[in-house]
>>> print(open('start-v4.csv').read())   # CSV, C-alpha atoms
chain,number,residue,atom,x,y,z
N,129,MET,CA,52.1,-118.2,47.3
N,130,ASN,CA,55.6,-119.2,48.6
N,131,TYR,CA,56.1,-116.8,51.5
N,132,SER,CA,56.9,-118.1,55.0
N,133,PRO,CA,54.3,-117.2,57.7
N,134,ALA,CA,56.8,-114.8,59.2
N,135,VAL,CA,57.1,-112.9,55.9
N,136,ILE,CA,53.4,-112.7,55.5
N,137,TRP,CA,53.0,-111.3,59.0
N,138,LEU,CA,55.8,-108.8,58.2
N,139,VAL,CA,53.8,-107.6,55.3
N,140,ILE,CA,50.6,-107.3,57.4
N,141,LEU,CA,52.3,-105.5,60.2
N,142,ALA,CA,54.2,-103.1,57.9
N,143,LEU,CA,51.0,-102.3,56.0
N,144,GLY,CA,49.1,-101.9,59.3
N,145,ALA,CA,51.7,-99.5,60.8
N,146,GLY,CA,52.3,-97.6,57.5
N,147,THR,CA,48.6,-97.1,56.8
N,148,PHE,CA,48.0,-96.0,60.4
N,149,LEU,CA,50.8,-93.4,60.1
N,150,ILE,CA,49.3,-92.1,56.9
N,151,ARG,CA,45.9,-91.8,58.5
N,152,TRP,CA,47.3,-90.2,61.7
N,153,SER,CA,49.7,-87.8,59.9
N,154,PHE,CA,47.9,-84.4,59.9
N,155,LEU,CA,45.1,-85.2,62.3
N,156,GLY,CA,47.5,-86.6,64.9
N,157,ALA,CA,50.4,-84.2,64.5
N,158,ILE,CA,48.5,-80.9,64.1
N,159,GLY,CA,45.4,-81.7,66.1
N,160,GLY,CA,43.9,-78.8,68.0
N,161,ARG,CA,46.6,-76.3,67.0
N,162,GLY,CA,44.5,-75.6,63.9
N,163,VAL,CA,45.6,-74.7,60.4
N,164,PRO,CA,46.1,-71.3,58.7
N,165,VAL,CA,43.1,-69.7,56.9
N,166,TRP,CA,44.5,-70.4,53.4
N,167,ALA,CA,44.9,-74.1,54.2
N,168,GLU,CA,41.4,-74.3,55.7
N,169,ARG,CA,40.1,-72.9,52.5
N,170,LEU,CA,41.9,-75.6,50.5
N,171,LEU,CA,40.8,-78.4,52.9
N,172,ARG,CA,37.1,-77.4,52.5
N,173,TYR,CA,37.3,-78.9,49.0
N,174,THR,CA,39.1,-82.1,49.9
N,175,ALA,CA,36.0,-84.3,49.9
N,176,VAL,CA,34.3,-82.8,46.8
N,177,ALA,CA,37.6,-83.2,44.9
N,178,VAL,CA,39.1,-86.5,46.0
N,179,LEU,CA,36.0,-88.7,46.3
N,180,PRO,CA,34.7,-88.0,42.8
N,181,ALA,CA,38.2,-88.4,41.4
N,182,LEU,CA,38.5,-91.7,43.2
N,183,ILE,CA,35.4,-93.2,41.6
N,184,ALA,CA,35.5,-91.5,38.2
N,185,PRO,CA,37.6,-94.3,36.6
N,186,MET,CA,35.2,-96.9,38.2
N,187,VAL,CA,32.3,-95.2,36.5
N,188,LEU,CA,33.8,-94.8,33.1
N,189,TRP,CA,36.0,-97.9,32.9
N,190,PRO,CA,34.5,-100.5,35.1
N,191,VAL,CA,36.8,-103.5,35.6
N,192,ALA,CA,33.8,-105.9,35.7
N,193,ASN,CA,33.1,-104.9,32.1
N,194,GLY,CA,36.7,-105.4,31.0
N,195,GLY,CA,37.6,-101.7,31.5
N,196,ARG,CA,35.2,-100.6,28.7
N,197,PRO,CA,32.4,-98.1,29.3
N,198,ASP,CA,29.1,-99.9,30.1
N,199,PRO,CA,25.9,-98.1,29.2
N,200,VAL,CA,24.0,-99.7,32.1
N,201,ARG,CA,26.5,-98.5,34.7
N,202,LEU,CA,26.8,-95.1,33.1
N,203,ALA,CA,23.0,-94.8,33.3
N,204,ALA,CA,23.0,-95.9,36.9
N,205,ALA,CA,25.6,-93.3,37.8
N,206,ALA,CA,23.7,-90.6,36.0
N,207,ALA,CA,20.5,-91.5,37.8
N,208,THR,CA,22.3,-91.4,41.2
N,209,VAL,CA,23.8,-87.9,40.5
N,210,ALA,CA,20.5,-86.5,39.0
N,211,VAL,CA,18.3,-87.7,41.9
N,212,GLY,CA,21.0,-86.8,44.5
N,213,LEU,CA,21.2,-83.2,43.1
N,214,ALA,CA,17.4,-82.8,42.7
N,215,THR,CA,16.4,-84.2,46.1
N,216,ARG,CA,19.6,-83.5,48.1
N,217,ASN,CA,18.9,-86.9,49.7
N,218,THR,CA,21.6,-89.6,49.8
N,219,LEU,CA,19.2,-92.5,50.2
N,220,ALA,CA,17.0,-91.4,47.2
N,221,GLY,CA,20.2,-91.2,45.1
N,222,ILE,CA,21.2,-94.8,46.1
N,223,VAL,CA,17.7,-96.1,45.4
N,224,ALA,CA,17.6,-94.4,42.0
N,225,GLY,CA,21.0,-95.7,41.0
N,226,GLY,CA,20.3,-99.2,42.3
N,227,ALA,CA,17.0,-99.3,40.4
N,228,ALA,CA,18.6,-98.1,37.2
N,229,LEU,CA,21.4,-100.7,37.6
N,230,ALA,CA,18.9,-103.5,38.3
N,231,LEU,CA,16.6,-102.6,35.5
N,232,GLY,CA,19.4,-102.2,33.0
N,233,THR,CA,21.0,-105.5,34.1
N,234,TRP,CA,17.6,-107.3,33.7
N,235,LEU,CA,17.0,-105.7,30.3
N,236,TYR,CA,20.4,-106.4,28.8
C,1,MET,CA,40.8,-70.8,66.9
C,2,HIS,CA,39.2,-74.0,68.1
C,3,ALA,CA,37.5,-72.9,71.2
C,4,SER,CA,34.4,-75.1,70.7
C,5,PRO,CA,33.3,-76.6,74.0
C,6,ARG,CA,33.5,-80.4,74.4
C,7,THR,CA,29.9,-80.7,75.3
C,8,ALA,CA,26.8,-79.3,73.7
C,9,ALA,CA,26.0,-75.7,74.8
C,10,ALA,CA,22.6,-75.1,76.4
C,11,PRO,CA,19.9,-75.0,73.8
C,12,THR,CA,19.7,-71.5,72.4
C,13,GLY,CA,18.2,-69.9,69.3
C,14,ASP,CA,20.9,-71.8,67.3
C,15,ALA,CA,19.7,-75.1,68.5
C,16,ALA,CA,16.3,-74.3,67.2
C,17,ALA,CA,17.9,-73.5,63.8
C,18,ASP,CA,19.8,-76.8,63.7
C,19,PRO,CA,18.2,-79.5,66.0
C,20,ALA,CA,21.4,-81.5,65.7
C,21,ARG,CA,23.1,-79.0,68.0
C,22,ALA,CA,20.9,-80.0,70.9
C,23,GLU,CA,21.7,-83.7,70.4
C,24,THR,CA,23.2,-85.8,73.3
C,25,PRO,CA,26.4,-87.7,72.3
C,26,ARG,CA,24.2,-90.9,72.2
C,27,GLN,CA,21.8,-89.3,69.7
C,28,ALA,CA,24.7,-88.1,67.6
C,29,PHE,CA,26.3,-91.6,67.7
C,30,ARG,CA,23.0,-93.1,66.5
C,31,ARG,CA,22.6,-90.6,63.7
C,32,GLY,CA,26.2,-91.5,62.6
C,33,MET,CA,25.2,-95.2,62.5
C,34,VAL,CA,22.1,-94.5,60.4
C,35,GLN,CA,24.0,-92.1,58.1
C,36,ALA,CA,26.7,-94.7,57.4
C,37,ALA,CA,24.3,-97.7,57.0
C,38,PRO,CA,24.1,-97.4,53.2
C,39,PHE,CA,27.8,-98.3,53.0
C,40,LEU,CA,26.9,-101.8,54.1
C,41,LEU,CA,25.9,-102.3,50.5
C,42,VAL,CA,29.7,-102.0,49.7
C,43,LEU,CA,31.2,-103.5,52.9
C,44,ILE,CA,29.4,-106.8,52.9
C,45,PRO,CA,30.0,-108.0,49.3
C,46,PHE,CA,33.6,-106.7,49.2
C,47,GLY,CA,34.4,-108.0,52.7
C,48,LEU,CA,33.1,-111.4,51.5
C,49,LEU,CA,35.1,-111.1,48.3
C,50,PHE,CA,38.3,-110.2,50.2
C,51,GLY,CA,37.9,-113.3,52.3
C,52,VAL,CA,37.4,-115.5,49.3
C,53,VAL,CA,40.3,-114.0,47.3
C,54,ALA,CA,42.7,-114.2,50.2
C,55,GLN,CA,41.9,-117.9,50.7
C,56,ALA,CA,42.3,-118.6,47.0
C,57,ALA,CA,45.7,-116.9,47.1
C,58,GLY,CA,46.8,-119.2,49.9
C,59,LEU,CA,46.5,-117.1,53.0
C,60,ARG,CA,45.6,-118.7,56.3
C,61,ILE,CA,42.4,-117.5,58.1
C,62,ALA,CA,44.5,-115.7,60.8
C,63,GLU,CA,46.5,-113.9,58.1
C,64,THR,CA,43.4,-113.0,56.2
C,65,MET,CA,41.9,-111.5,59.4
C,66,GLY,CA,45.2,-109.8,60.1
C,67,PHE,CA,44.8,-107.8,56.9
C,68,SER,CA,41.2,-106.8,57.6
C,69,ILE,CA,41.7,-105.9,61.2
C,70,LEU,CA,45.1,-104.3,61.2
C,71,VAL,CA,45.2,-102.7,57.7
C,72,LEU,CA,41.5,-102.1,57.4
C,73,ALA,CA,41.7,-100.6,53.9
C,74,GLY,CA,40.0,-102.5,51.2
C,75,ALA,CA,41.7,-101.4,47.9
C,76,SER,CA,45.2,-101.8,49.4
C,77,GLN,CA,44.3,-105.2,50.8
C,78,PHE,CA,43.2,-106.5,47.4
C,79,THR,CA,46.3,-105.1,45.8
C,80,ALA,CA,48.6,-106.7,48.4
C,81,VAL,CA,47.0,-110.1,48.1
C,82,GLU,CA,47.0,-110.0,44.3
C,83,LEU,CA,50.7,-109.2,44.2
C,84,MET,CA,51.4,-111.8,46.9
C,85,SER,CA,49.6,-114.5,44.9
C,86,HIS,CA,52.2,-113.8,42.2
C,87,ASP,CA,55.1,-114.0,44.7
C,88,ALA,CA,56.1,-110.4,44.2
C,89,PRO,CA,59.0,-109.0,46.2
C,90,VAL,CA,57.9,-108.1,49.7
C,91,LEU,CA,59.1,-104.5,49.4
C,92,LEU,CA,57.0,-104.1,46.2
C,93,VAL,CA,53.9,-105.5,47.9
C,94,ILE,CA,54.3,-103.0,50.8
C,95,ALA,CA,55.2,-100.0,48.7
C,96,SER,CA,52.3,-100.6,46.2
C,97,ALA,CA,49.7,-101.1,49.0
C,98,LEU,CA,50.9,-98.0,50.9
C,99,ALA,CA,50.9,-95.9,47.8
C,100,ILE,CA,47.2,-96.7,47.4
C,101,ASN,CA,46.5,-95.5,50.9
C,102,LEU,CA,48.4,-92.2,50.6
C,103,ARG,CA,45.1,-90.5,49.6
C,104,MET,CA,44.1,-90.9,53.3
C,105,ALA,CA,46.7,-88.2,54.2
C,106,MET,CA,44.4,-85.8,52.4
C,107,TYR,CA,41.5,-87.0,54.5
C,108,SER,CA,43.6,-86.7,57.6
C,109,ALA,CA,44.4,-83.1,56.8
C,110,SER,CA,40.8,-82.3,55.9
C,111,LEU,CA,39.6,-83.6,59.3
C,112,VAL,CA,41.9,-81.3,61.3
C,113,PRO,CA,39.5,-78.3,61.3
C,114,ILE,CA,36.6,-80.7,62.1
C,115,ILE,CA,37.8,-83.0,64.9
C,116,GLY,CA,41.4,-81.7,65.5
C,117,ALA,CA,40.3,-80.4,68.9
C,118,ALA,CA,39.8,-84.0,70.1
C,119,ARG,CA,42.1,-85.6,72.7
C,120,PRO,CA,45.3,-87.3,71.4
C,121,TRP,CA,44.0,-90.8,72.0
C,122,GLU,CA,40.7,-89.9,70.3
C,123,ARG,CA,42.5,-88.6,67.3
C,124,ALA,CA,44.6,-91.8,67.2
C,125,LEU,CA,41.5,-94.0,67.3
C,126,ALA,CA,39.8,-91.8,64.6
C,127,ALA,CA,42.9,-92.3,62.4
C,128,PHE,CA,42.7,-96.0,62.9
C,129,VAL,CA,39.1,-96.1,61.6
C,130,LEU,CA,39.6,-93.5,58.9
C,131,THR,CA,38.4,-95.0,55.6
C,132,ASP,CA,36.8,-93.5,52.5
C,133,GLN,CA,33.4,-94.3,54.0
C,134,THR,CA,33.9,-92.9,57.5
C,135,TYR,CA,35.5,-89.8,56.0
C,136,ALA,CA,32.7,-89.3,53.6
C,137,THR,CA,30.1,-89.7,56.4
C,138,ALA,CA,32.0,-87.2,58.6
C,139,ILE,CA,32.2,-84.6,55.9
C,140,GLN,CA,28.5,-85.0,55.0
C,141,ASN,CA,27.7,-84.5,58.7
C,142,HIS,CA,29.9,-81.4,58.8
C,143,GLU,CA,28.3,-79.9,55.7
C,144,ARG,CA,24.8,-80.4,57.1
C,145,HIS,CA,25.6,-79.4,60.7
C,146,PRO,CA,28.7,-77.1,60.6
C,147,ARG,CA,28.3,-75.8,64.2
C,148,LEU,CA,28.3,-79.0,66.3
C,149,ALA,CA,30.4,-79.3,69.4
C,150,ILE,CA,33.5,-81.5,69.2
C,151,GLY,CA,31.8,-84.1,71.5
C,152,GLN,CA,28.9,-84.4,69.1
C,153,ARG,CA,31.2,-84.6,66.0
C,154,LEU,CA,33.2,-87.4,67.6
C,155,ALA,CA,30.1,-89.3,68.8
C,156,HIS,CA,28.8,-89.1,65.2
C,157,PHE,CA,32.1,-90.4,63.9
C,158,TRP,CA,32.2,-93.3,66.3
C,159,GLY,CA,28.7,-94.3,65.3
C,160,ALA,CA,29.6,-94.3,61.6
C,161,SER,CA,32.8,-96.2,62.3
C,162,LEU,CA,30.9,-98.9,64.2
C,163,VAL,CA,28.7,-99.5,61.2
C,164,ILE,CA,31.6,-99.4,58.7
C,165,CYS,CA,34.7,-101.1,60.3
C,166,PRO,CA,33.5,-104.3,62.3
C,167,PRO,CA,31.3,-105.5,59.3
C,168,TRP,CA,34.4,-105.4,57.1
C,169,MET,CA,36.2,-107.7,59.5
C,170,VAL,CA,33.2,-110.0,60.1
C,171,PHE,CA,32.4,-110.4,56.4
C,172,THR,CA,36.0,-111.0,55.6
C,173,TYR,CA,35.8,-114.0,58.1
C,174,VAL,CA,32.5,-115.2,56.6
C,175,GLY,CA,34.0,-115.0,53.1
C,176,ALA,CA,37.2,-116.8,54.1
C,177,THR,CA,35.3,-119.6,55.9
C,178,ALA,CA,32.0,-120.0,54.2
C,179,GLY,CA,32.8,-118.6,50.7
C,180,ASN,CA,30.8,-116.1,48.7
C,181,PHE,CA,27.0,-116.3,48.7
C,182,VAL,CA,26.5,-113.2,46.6
C,183,PRO,CA,25.4,-114.3,43.1
C,184,ALA,CA,28.3,-113.7,40.7
C,185,ASP,CA,26.1,-112.0,38.1
C,186,TRP,CA,25.0,-109.2,40.4
C,187,PRO,CA,26.7,-105.9,39.4
C,188,LEU,CA,27.7,-105.3,43.0
C,189,ASP,CA,31.0,-103.7,41.9
C,190,PHE,CA,29.0,-100.6,41.2
C,191,ALA,CA,27.8,-100.2,44.8
C,192,VAL,CA,31.0,-98.3,45.4
C,193,PRO,CA,30.4,-95.5,42.8
C,194,ILE,CA,26.7,-95.3,43.6
C,195,THR,CA,27.1,-94.9,47.4
C,196,PHE,CA,29.8,-92.3,47.0
C,197,LEU,CA,28.0,-90.4,44.2
C,198,SER,CA,24.8,-90.3,46.3
C,199,MET,CA,26.8,-88.7,49.1
C,200,ILE,CA,28.8,-86.3,46.9
C,201,ALA,CA,26.0,-85.0,44.6
C,202,PRO,CA,24.1,-83.3,47.4
C,203,MET,CA,27.4,-81.6,48.5
C,204,LEU,CA,27.8,-79.8,45.2
C,205,ARG,CA,26.0,-76.5,46.1
C,206,THR,CA,28.5,-73.8,45.0
C,207,TRP,CA,30.5,-73.1,41.9
C,208,ALA,CA,33.6,-73.5,43.9
C,209,GLN,CA,32.6,-77.1,44.8
C,210,VAL,CA,31.6,-77.9,41.2
C,211,ALA,CA,35.0,-76.6,40.0
C,212,ALA,CA,36.9,-78.6,42.6
C,213,ALA,CA,35.0,-81.8,41.5
C,214,ALA,CA,35.3,-81.1,37.8
C,215,VAL,CA,39.1,-80.4,37.8
C,216,ALA,CA,39.8,-83.4,40.1
C,217,VAL,CA,37.7,-85.8,37.9
C,218,ALA,CA,39.3,-84.6,34.7
C,219,LEU,CA,42.8,-85.0,36.0
C,220,ALA,CA,42.0,-88.3,37.6
C,221,LEU,CA,40.8,-89.7,34.3
C,222,ALA,CA,43.8,-88.2,32.5
C,223,LEU,CA,46.2,-89.7,35.0
C,224,ALA,CA,44.4,-93.0,35.4
C,225,GLY,CA,47.5,-94.8,33.9
C,226,MET,CA,49.7,-93.8,36.9
C,227,PRO,CA,50.5,-96.8,39.1
C,228,ASN,CA,48.6,-97.6,42.4
C,229,GLY,CA,46.2,-94.7,42.2
C,230,THR,CA,49.0,-92.2,42.5
C,231,GLY,CA,47.3,-90.0,39.9
C,232,LEU,CA,44.8,-89.2,42.7
C,233,LEU,CA,47.6,-87.5,44.6
C,234,ILE,CA,47.8,-84.9,41.8
C,235,ALA,CA,44.2,-84.8,40.8
C,236,GLY,CA,42.9,-84.3,44.4
C,237,PRO,CA,45.1,-81.3,45.4
C,238,ALA,CA,44.6,-79.7,41.9
C,239,GLY,CA,40.8,-79.9,42.4
C,240,MET,CA,41.2,-78.5,46.0
C,241,ALA,CA,43.2,-75.6,44.6
C,242,ALA,CA,40.5,-75.0,41.9
C,243,GLY,CA,37.8,-74.9,44.5
C,244,ALA,CA,39.8,-72.5,46.8
C,245,ALA,CA,40.6,-70.2,43.8
C,246,VAL,CA,37.0,-70.0,42.8
C,247,GLU,CA,35.9,-69.3,46.4
C,248,ALA,CA,38.6,-66.5,46.8
C,249,TRP,CA,37.6,-65.0,43.5
C,250,GLY,CA,33.9,-64.9,44.5
C,251,GLU,CA,34.9,-63.3,47.8
C,252,ARG,CA,36.9,-60.6,46.1
C,253,ARG,CA,34.1,-59.9,43.7
C,254,ALA,CA,31.5,-59.6,46.5
C,255,ALA,CA,33.9,-57.2,48.4
C,256,ARG,CA,34.3,-55.0,45.3
C,257,ALA,CA,30.5,-54.9,44.8
C,258,ALA,CA,30.0,-53.9,48.4
C,259,LEU,CA,32.6,-51.1,48.1
C,260,VAL,CA,30.9,-49.8,44.9
C,261,ALA,CA,27.5,-49.9,46.7
C,262,GLN,CA,29.0,-48.0,49.6
C,263,ALA,CA,30.5,-45.3,47.4
C,264,ARG,CA,27.1,-44.7,45.7
C,265,ARG,CA,25.4,-44.1,49.0
>>> encode(input="start-v4.csv", output="C-alpha cells")
Amino acid sequence: MNYSPAVIWLVILALGAGTFLIRWSFLGAIGGRGVPVWAERLLRYTAVAVLPALIAPMVLWPVANGGRPDPVRLAAAAATVAVGLATRNTLAGIVAGGAALALGTWLY
Amino acid sequence: MHASPRTAAAPTGDAAADPARAETPRQAFRRGMVQAAPFLLVLIPFGLLFGVVAQAAGLRIAETMGFSILVLAGASQFTAVELMSHDAPVLLVIASALAINLRMAMYSASLVPIIGAARPWERALAAFVLTDQTYATAIQNHERHPRLAIGQRLAHFWGASLVICPPWMVFTYVGATAGNFVPADWPLDFAVPITFLSMIAPMLRTWAQVAAAAVAVALALALAGMPNGTGLLIAGPAGMAAGAAVEAWGERRAARAALVAQARR
C-alpha cells in the first residue's frame, strides 16, 4: 500500500461521512412526518426482500468454497430455515444450522 | 399519523395481550440486547478478520480503528481495504465501498414508520448505528410487537446496537494487535447466512412476505454479477413491489368477498 497517511484518512472520513448520509437519508429527512400509505405498504416488505437477497449468493456460492455450491453449507441453510419456520424461534434455527454445519464439516 | 406517545401508556387490556407494551425502557433495552446477542457469532470472527486483513494490507492501528469506528460497515470496509492493498485510485475505493452501503438507504426508509417519530438527534444516532444486524433486530421486534411506544422501540434499538457495534470495534482492535485466534478451518463464514436466515424464516407468515422474499432472491441471484452488490438495489425494490402487490390483491379479494356476502344477506 503506497498511500500517504493523509490520503488514507481522506478515504476513511469520506466513507464515514458518505455511509452516515446513506443511513440517515430517509430516517433523518422524513422522520416523524410519516410516509404515504402506498409507501408504507412497500416498506413493510423491505426486510423480507432485502435480507434474503443479501445472503442468497453467500448460501449458493460461498466464497470459502471457491464460489461453488457446498452441500454442507446448503444443508446447514436448509436446516436453519426449516427449524426457523417450524418453531418460529430464532435461536432454535441458529442451533439447528450450526449443528448441521458442524456435523457436515466433521463428516466431510 | 404518528401520534404514539413517547412513554408507555398505562397498562390496559392491550398490555395483557402483549406484555412487551408494559415494559419500561430499561426492560426494552435489555430485551434488545438479548435479541441481538446471536449476531456476536458474526461480529467477533469478522471483526477479528478485519483487523488482521487491515494489518496485512499495511494500515496502521489508528487507521484500522478509524474504519471500524467511523465507517462501521463490515462488507464495505473489507472491499475498501482489499482495493487499497492493490493501490487502487482513491475515488474508485470510495465509490465502490459506498455502492455496497447503498442498500442501507432501503433500511433507512423502512425504519421511518417505526422510529421516525424520534427526536432529530435520536434519529441521527440511530442512523450512525444502522447496520444489517441492528436493522434485522429492529424489524423482528416490530413484527413481534407492532404496537410499542416510540420510547420502547428506541430503547430496544439502543440495546441491540450496544451488543452489535462496540464488539465490532473491540474485536477489530484485537485482530489488529493480537491476530486471529479462530481456527482457520472453522466454517465461520457461514455464521452470516445462518444468523440472518434464522431471523427471516420466522417472519415469513403471509403469501405476500413469501412473494417478496422469492422475487428478491431470484433477482439477486440473476444479478449477482453486477459490481459491488448493486444488483441488490434492483432485487430489493422488486421484491418489495411483489410483496405490496400480493398484499393489495389479497385486500381487494377480501373486500369483494365481503360485498358478495353482504348482498346475499
>>> atom_distance(input="start-v4.csv", atom1="atom CA of C:Ala136", atom2="atom CA of C:Ile200")
8.3 Å
>>> closest_residue(input="start-v4.csv", among="C:Ala62, C:Ala160, C:Cys165, C:Val112", to="chain N", atoms="only C-alpha atoms")
C:Val112
>>> closest_atom_pairs(input="start-v4.csv", of="chain C", to="chain N", cutoff="7 Å", atoms="only C-alpha atoms", output="CSV")
residue,atom,partner,partner_atom,distance
C:Met1,CA,N:Gly162,CA,6.8
C:His2,CA,N:Gly160,CA,6.7
C:Ala57,CA,N:Met129,CA,6.5
C:Gly58,CA,N:Met129,CA,6.0
C:Gly66,CA,N:Ile140,CA,6.5
C:Phe67,CA,N:Ile140,CA,5.8
C:Leu70,CA,N:Gly144,CA,5.0
C:Val71,CA,N:Gly144,CA,4.3
C:Met84,CA,N:Met129,CA,6.5
C:Ser85,CA,N:Met129,CA,5.1
C:His86,CA,N:Met129,CA,6.7
C:Asp87,CA,N:Met129,CA,5.8
C:Val90,CA,N:Val139,CA,7.0
C:Ile94,CA,N:Leu143,CA,6.2
C:Leu98,CA,N:Thr147,CA,6.4
C:Asn101,CA,N:Thr147,CA,6.5
C:Leu102,CA,N:Ile150,CA,6.4
C:Met104,CA,N:Arg151,CA,5.6
C:Ala105,CA,N:Ile150,CA,5.4
C:Met106,CA,N:Thr174,CA,6.9
C:Ser108,CA,N:Leu155,CA,5.2
C:Ala109,CA,N:Phe154,CA,4.9
C:Ser110,CA,N:Leu171,CA,4.9
C:Leu111,CA,N:Leu155,CA,6.5
C:Val112,CA,N:Leu155,CA,5.1
C:Pro113,CA,N:Gly162,CA,6.2
C:Gly116,CA,N:Gly159,CA,4.0
C:Ala117,CA,N:Gly160,CA,4.0
C:Ala118,CA,N:Gly160,CA,6.9
C:Pro120,CA,N:Gly156,CA,6.9
C:Arg123,CA,N:Gly156,CA,5.9
C:Ala124,CA,N:Trp152,CA,6.3
C:Ala127,CA,N:Trp152,CA,4.9
C:Phe128,CA,N:Phe148,CA,5.9
C:Leu130,CA,N:Arg151,CA,6.5
C:Pro193,CA,N:Ile183,CA,5.6
C:Ile194,CA,N:Ile222,CA,6.1
C:Thr195,CA,N:Ile222,CA,6.0
C:Leu197,CA,N:Val209,CA,6.1
C:Ser198,CA,N:Thr218,CA,4.8
C:Met199,CA,N:Thr218,CA,5.3
C:Ile200,CA,N:Val176,CA,6.5
C:Ala201,CA,N:Gly212,CA,5.3
C:Pro202,CA,N:Arg216,CA,4.6
C:Gln209,CA,N:Val176,CA,6.3
C:Ala212,CA,N:Ala177,CA,5.2
C:Ala213,CA,N:Ala177,CA,4.5
C:Ala216,CA,N:Ala177,CA,5.3
C:Val217,CA,N:Ala181,CA,4.4
C:Ala220,CA,N:Ala181,CA,5.4
C:Leu221,CA,N:Pro185,CA,6.1
C:Leu232,CA,N:Ala181,CA,6.8
C:Gly236,CA,N:Val178,CA,4.7
C:Gly239,CA,N:Ala177,CA,5.2
C:Met240,CA,N:Tyr173,CA,4.9
C:Ala241,CA,N:Leu170,CA,6.0
C:Gly243,CA,N:Tyr173,CA,6.0
C:Ala244,CA,N:Leu170,CA,5.3
>>> residues_around(input="start-v4.csv", residues="C:Arg30", least_positions_apart="6", cutoff="10 Å", atoms="only C-alpha atoms", output="PyMOL selection string")
chain C and resi 24+36+155-160
>>> atom_distance(input="start-v4.csv", atom1="atom CA of C:Ala97", atom2="atom CA of C:Pro38")
26.2 Å
>>> atom_distance(input="start-v4.csv", atom1="atom CA of C:Leu148", atom2="atom CA of C:Ala208")
23.7 Å
>>> residues_around(input="start-v4.csv", residues="C:Phe171", least_positions_apart="2", cutoff="7 Å", atoms="only C-alpha atoms", output="list in words")
Ile44, Gly47, Leu48, Pro167, Trp168, Met169, Tyr173, Val174 and Gly175 of chain C
>>> closest_residue(input="start-v4.csv", among="C:Leu154, C:Gly74, C:Leu83, C:Tyr135", to="C:Gln27", atoms="all atoms listed in the file")
C:Leu154
>>> residues_around(input="start-v4.csv", residues="C:Ser76", least_positions_apart="3", cutoff="6 Å", atoms="only C-alpha atoms", output="short mmCIF file (atom, residue, chain, number, x, y, z; two decimals) with C-alpha atoms, in the frame of the given file")
data_model
loop_
_atom_site.label_atom_id
_atom_site.label_comp_id
_atom_site.auth_asym_id
_atom_site.auth_seq_id
_atom_site.Cartn_x
_atom_site.Cartn_y
_atom_site.Cartn_z
CA ALA C 73 41.70 -100.60 53.90
CA THR C 79 46.30 -105.10 45.80
CA ALA C 97 49.70 -101.10 49.00
CA ILE C 100 47.20 -96.70 47.40
#
